[in-house]
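Below is one structure, written out as structure tokens; the observations come after it.
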Amino acid sequence: MRATVGIIGGGPAGLLLARLLHRAGVDCVVLESRARQYVERRQRAGMLEQGTVDALREAGAADRLDTEGLVHHGIELRFDRERHHLDFPVLTGGRTVTIYAQTEIVKDLVALQLADGPPLLFEAAALAVEKPLSGSPVVRFLHEGREQTLSCDWVVGCDGSHGVARDAFPAAAGRTYTHDYPYSWLGVLAEVPPSCEELIYARHERGFALHSMRSPRISRLYLQVPNGTRLLEWPDDRIWDELAARFAVDADWTLRPGPIISKSVTPMRSLVHEPMRHGRLLLAGDAAHIVPPTGAKGLNLAVSDVRLLGGAFAELRATGSTRLLDGYSDLCLRRVWQATRFSDDMTRMLHAQPDGDAFDHRMQLARLRRITASRHAAAELAANYTGLPLPL
Ligand code: FAD
Ligand code: DHB
């Protein structure tokens, strides 16, 4: 099998890149290790920056997003039993965010690709990328019970945090920076209308809680839990009681419980691999970087990477120039480190430190008070949350 660009991974990064390349007239093949149903049901992110919405529109993949996406004008911070609203349009000169589930983005992109796009092979697991420094790298993959090869001009690893593309970088050709946080998130999807109009980020002595949503009928909620937490420790009643305790305020507000339809535990970590290119192998999305989810940057970073890559391959096809591909890694990494910093700041400000002392606790409150008291501090949070401009 042959393609100008071989894409490993059919998550949001790989699928959107395939769409952008298709529209630019660059042929590609996408290899996805999992089945279509699995990829379309995997519960993950849901908050889209304006730039992500724009990228999906430019790719012609936003018809349903434009009708079903929920535009949000701010978030609520809760601490010390108080609620504080941050008004994004006022703080940022008009920016908003949109709630639309990652599962739906994936469904929309898969449907487009299968209708008129380049080949998308499900249950096709890449085993290795070979000869990345040559003019024609090769992806070895397993499909329909036999090993096959995909010869390419370029390979893009969009295969997430456990993929194989990063393994093709020799140790001397890069460096991976990591940080593990001493807590995880228990995420639940519940068949109940959200108890809020905006997302709520709550800091509580018992730990962080986040109230998000997927639609006017489905709520998405997260609880900080210790690392190593097992789902059987958290029956549904315990989850609702804990959420209610962490969101409690002096004002008149109650959390509406309902049937929980999915539960998972995700460890919190930061990872950045530098550089994001080795010869003719490029990385995009979680394959290159992972951020802790507080602040919802993971999916948005993946989209911003492939937006740059789409432009770079379009320029290569139109002019023969690799100028944008040559600048890709440096340009992406500037944004990646800013998102990593913001996610880290939000994480540390809002989570209870397992070994934290009274001083740490007071520092968190002082940070939150500064944001709610100072327009400059609030505007800084809002600018990062709604998405920094590209390029930085
Ligand atoms: P992925 O979505 O991981 O896609 C990678 C794809 O590659 C997958 O489909 C995988 O099956 C495939 N693949 C892997 N290995 C191979 C191989 N060898 N061959 C072929 N295919 C392969 N972000 C937020 O902003 N908010 C959240 O609440 C949030 N929750 C998350 C929960 C979990 C459990 C995880 C893992 C991530 C979460 N994220 C969240 C992060 C966000 O979902 C990711 O940043 C986003 O999915 C990145 O997209 P991607 O396409 O780069 O990677
Ligand atoms: C969601 C997840 C996040 O990490 C976040 O900060 C906001 C929203 C979500 O899944 O809806």
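Chain labels run A, B, ... following the order of the structure tokens; each chain numbers its residues from 1, and ligands are numbered from 1 in the order shown.
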
Please return as a PyMOL selection string the residues found within 6 Å of ligand 1, counting only C-alpha atoms and all ligand atoms. chain A and resi 8-14+31-34+39+44-45+124-127+158-160+162-164+266+285-287+293+296-299+302

Residues flagged alpha helix (DSSP H) by DSSP in region 55-268 of chain A, as a PyMOL selection string: chain A and resi 55-58+63-68+88-92+102-116+236-247

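Every protein or nucleic acid residue with an atom no more than 9 Å from Gln50 (chain A), counting only C-alpha atoms and leaving out same-chain residues fewer than 2 positions away, appears here: A:Leu48, A:Thr52, A:Val53, A:Asp54, A:Ala55, A:Arg95, A:Thr96, A:Val97, A:Thr98, A:Thr386, A:Gly387.
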
With C-alpha atoms retained, write the just-selected residues as a PDB file, in the first residue's frame.
```pdb
ATOM      1  CA  LEU A  48     -13.912  23.375  22.384  1.00  0.00           C
ATOM      2  CA  THR A  52     -11.129  24.399  17.335  1.00  0.00           C
ATOM      3  CA  VAL A  53     -14.650  25.202  16.179  1.00  0.00           C
ATOM      4  CA  ASP A  54     -13.194  27.327  13.352  1.00  0.00           C
ATOM      5  CA  ALA A  55     -10.863  24.477  12.312  1.00  0.00           C
ATOM      6  CA  ARG A  95     -14.543  35.135  22.836  1.00  0.00           C
ATOM      7  CA  THR A  96     -16.704  32.144  23.784  1.00  0.00           C
ATOM      8  CA  VAL A  97     -16.248  28.360  24.031  1.00  0.00           C
ATOM      9  CA  THR A  98     -18.475  25.540  22.757  1.00  0.00           C
ATOM     10  CA  THR A 386     -10.748  30.371  25.476  1.00  0.00           C
ATOM     11  CA  GLY A 387      -7.504  29.719  23.566  1.00  0.00           C
TER      12      GLY A 387
END
```

Using only C-alpha atoms and all ligand atoms, tabulate the residues of chain A lying at most 9 Å from any atom of ligand 2, each with its closest atom pair and that distance in Å to one decimal, by chain and increasing residue number, as a tab-separated table.
```
residue	atom	partner	partner_atom_place_in_ligand_line	distance
A:Gln43	CA	ligand 2	10 (O)	8.2
A:Arg44	CA	ligand 2	10 (O)	5.9
A:Ala45	CA	ligand 2	10 (O)	4.1
A:Gly46	CA	ligand 2	11 (O)	3.9
A:Met47	CA	ligand 2	8 (C)	5.0
A:Leu48	CA	ligand 2	8 (C)	8.7
A:Ile99	CA	ligand 2	11 (O)	6.9
A:Tyr100	CA	ligand 2	11 (O)	8.0
A:Ala101	CA	ligand 2	11 (O)	7.1
A:Gln102	CA	ligand 2	10 (O)	8.4
A:Gly187	CA	ligand 2	10 (O)	8.3
A:Leu199	CA	ligand 2	7 (C)	7.0
A:Ile200	CA	ligand 2	7 (C)	8.7
A:Tyr201	CA	ligand 2	6 (O)	8.0
A:Leu210	CA	ligand 2	7 (C)	7.3
A:His211	CA	ligand 2	8 (C)	7.7
A:Ser212	CA	ligand 2	11 (O)	4.7
A:Met213	CA	ligand 2	11 (O)	5.7
A:Arg214	CA	ligand 2	11 (O)	6.7
A:Ser219	CA	ligand 2	11 (O)	8.6
A:Arg220	CA	ligand 2	11 (O)	6.0
A:Leu221	CA	ligand 2	10 (O)	7.6
A:Tyr222	CA	ligand 2	2 (C)	8.0
A:Pro292	CA	ligand 2	4 (O)	7.8
A:Pro293	CA	ligand 2	4 (O)	4.0
A:Thr294	CA	ligand 2	6 (O)	4.4
A:Gly295	CA	ligand 2	6 (O)	3.9
A:Ala296	CA	ligand 2	6 (O)	3.8
A:Lys297	CA	ligand 2	4 (O)	7.5
A:Gly298	CA	ligand 2	4 (O)	8.3
A:Ser343	CA	ligand 2	6 (O)	8.9
A:Tyr385	CA	ligand 2	6 (O)	8.9
```

Kindly export the residues of the current selection with C-alpha atoms, as a short mmCIF file (atom, residue, chain, number, x, y, z; two decimals), in the first residue's frame.
```cif
data_model
loop_
_atom_site.label_atom_id
_atom_site.label_comp_id
_atom_site.auth_asym_id
_atom_site.auth_seq_id
_atom_site.Cartn_x
_atom_site.Cartn_y
_atom_site.Cartn_z
CA GLN A 43 -15.74 9.14 26.42
CA ARG A 44 -13.24 11.97 26.67
CA ALA A 45 -13.20 15.73 26.19
CA GLY A 46 -16.04 18.14 25.52
CA MET A 47 -14.95 21.79 25.68
CA LEU A 48 -13.91 23.37 22.38
CA ILE A 99 -19.54 22.32 24.45
CA TYR A 100 -19.65 19.46 21.96
CA ALA A 101 -18.45 15.95 22.86
CA GLN A 102 -15.29 14.45 21.39
CA GLY A 187 -15.32 10.89 35.34
CA LEU A 199 -19.26 24.70 33.69
CA ILE A 200 -18.45 24.75 37.41
CA TYR A 201 -14.86 24.36 38.64
CA LEU A 210 -16.07 19.76 37.83
CA HIS A 211 -19.60 19.95 36.50
CA SER A 212 -19.73 19.82 32.71
CA MET A 213 -22.33 18.61 30.24
CA ARG A 214 -22.79 16.95 26.89
CA SER A 219 -24.36 15.76 32.41
CA ARG A 220 -20.62 15.08 32.60
CA LEU A 221 -19.02 15.30 36.05
CA TYR A 222 -15.56 14.76 37.46
CA PRO A 292 -3.77 17.31 32.85
CA PRO A 293 -7.43 17.83 31.91
CA THR A 294 -8.15 20.83 34.19
CA GLY A 295 -8.67 23.57 31.61
CA ALA A 296 -9.62 21.15 28.81
CA LYS A 297 -6.62 21.74 26.56
CA GLY A 298 -5.87 18.19 25.28
CA SER A 343 -3.24 23.34 32.73
CA TYR A 385 -9.14 29.11 28.68
#
```

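When CA of Gly145 (chain A) is paired with CA of Glu123 (chain A), their separation reads 9.8 Å.
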
Can you check which parts of region 24-125 of chain A lie within 12 Å of region 252-263 of chain A? Per residue, the shortest pair of atoms and distance in Å to one decimal, counting only C-alpha atoms, sorted by chain and number, as JSON lines.
```
{"residue": "A:Arg41", "atom": "CA", "partner": "A:Ser262", "partner_atom": "CA", "distance": 10.6}
{"residue": "A:Arg42", "atom": "CA", "partner": "A:Ser262", "partner_atom": "CA", "distance": 10.2}
{"residue": "A:Gln43", "atom": "CA", "partner": "A:Ser262", "partner_atom": "CA", "distance": 8.3}
{"residue": "A:Arg44", "atom": "CA", "partner": "A:Lys263", "partner_atom": "CA", "distance": 11.1}
{"residue": "A:Arg81", "atom": "CA", "partner": "A:Trp253", "partner_atom": "CA", "distance": 10.9}
{"residue": "A:Glu82", "atom": "CA", "partner": "A:Asp252", "partner_atom": "CA", "distance": 11.0}
{"residue": "A:Arg83", "atom": "CA", "partner": "A:Trp253", "partner_atom": "CA", "distance": 10.3}
```

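Pairwise distance (CA of Arg2 (chain A), CA of Ser151 (chain A)) equals 4.8 Å.
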
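For Arg246 (chain A), the set of protein, DNA and RNA residues having any atom at most 8 Å away, when counting only C-alpha atoms and skipping those fewer than 3 positions along the same chain, is Ala202, Arg203, His204, Arg206, Gly207, Phe208, Ala209, Glu242 and Leu243 of chain A.
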
Selected residues written out with N, CA and C atoms, as a PDB file, in the first residue's frame:
```
ATOM      1  N   ALA A 202     -14.868  23.572  40.951  1.00  0.00           N
ATOM      2  CA  ALA A 202     -14.994  23.759  42.404  1.00  0.00           C
ATOM      3  C   ALA A 202     -13.749  23.290  43.137  1.00  0.00           C
ATOM      4  N   ARG A 203     -13.246  24.172  43.996  1.00  0.00           N
ATOM      5  CA  ARG A 203     -12.148  23.789  44.878  1.00  0.00           C
ATOM      6  C   ARG A 203     -12.723  23.555  46.274  1.00  0.00           C
ATOM      7  N   HIS A 204     -12.436  22.387  46.830  1.00  0.00           N
ATOM      8  CA  HIS A 204     -12.965  22.022  48.140  1.00  0.00           C
ATOM      9  C   HIS A 204     -11.880  21.280  48.904  1.00  0.00           C
ATOM     10  N   ARG A 206     -12.022  18.637  50.357  1.00  0.00           N
ATOM     11  CA  ARG A 206     -12.089  17.197  50.082  1.00  0.00           C
ATOM     12  C   ARG A 206     -11.564  16.872  48.684  1.00  0.00           C
ATOM     13  N   GLY A 207     -11.365  17.905  47.874  1.00  0.00           N
ATOM     14  CA  GLY A 207     -10.840  17.686  46.527  1.00  0.00           C
ATOM     15  C   GLY A 207     -11.624  18.458  45.479  1.00  0.00           C
ATOM     16  N   PHE A 208     -11.059  18.474  44.276  1.00  0.00           N
ATOM     17  CA  PHE A 208     -11.638  19.207  43.145  1.00  0.00           C
ATOM     18  C   PHE A 208     -12.897  18.502  42.609  1.00  0.00           C
ATOM     19  N   ALA A 209     -13.830  19.288  42.069  1.00  0.00           N
ATOM     20  CA  ALA A 209     -14.959  18.717  41.327  1.00  0.00           C
ATOM     21  C   ALA A 209     -15.272  19.624  40.143  1.00  0.00           C
ATOM     22  N   GLU A 242     -20.676  12.809  47.160  1.00  0.00           N
ATOM     23  CA  GLU A 242     -19.392  13.517  47.173  1.00  0.00           C
ATOM     24  C   GLU A 242     -19.456  14.760  46.275  1.00  0.00           C
ATOM     25  N   LEU A 243     -20.069  14.618  45.106  1.00  0.00           N
ATOM     26  CA  LEU A 243     -20.211  15.775  44.215  1.00  0.00           C
ATOM     27  C   LEU A 243     -21.018  16.872  44.911  1.00  0.00           C
TER      28      LEU A 243
END
```

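Taking only C-alpha atoms, the non-local environment of Ile75 (chain A) within 9 Å (same-chain residues fewer than 5 positions away omitted) comprises His84, His85, Leu86, Asp87, Phe88, Glu197, Glu198, Leu199, Ile200 and Tyr201 of chain A.
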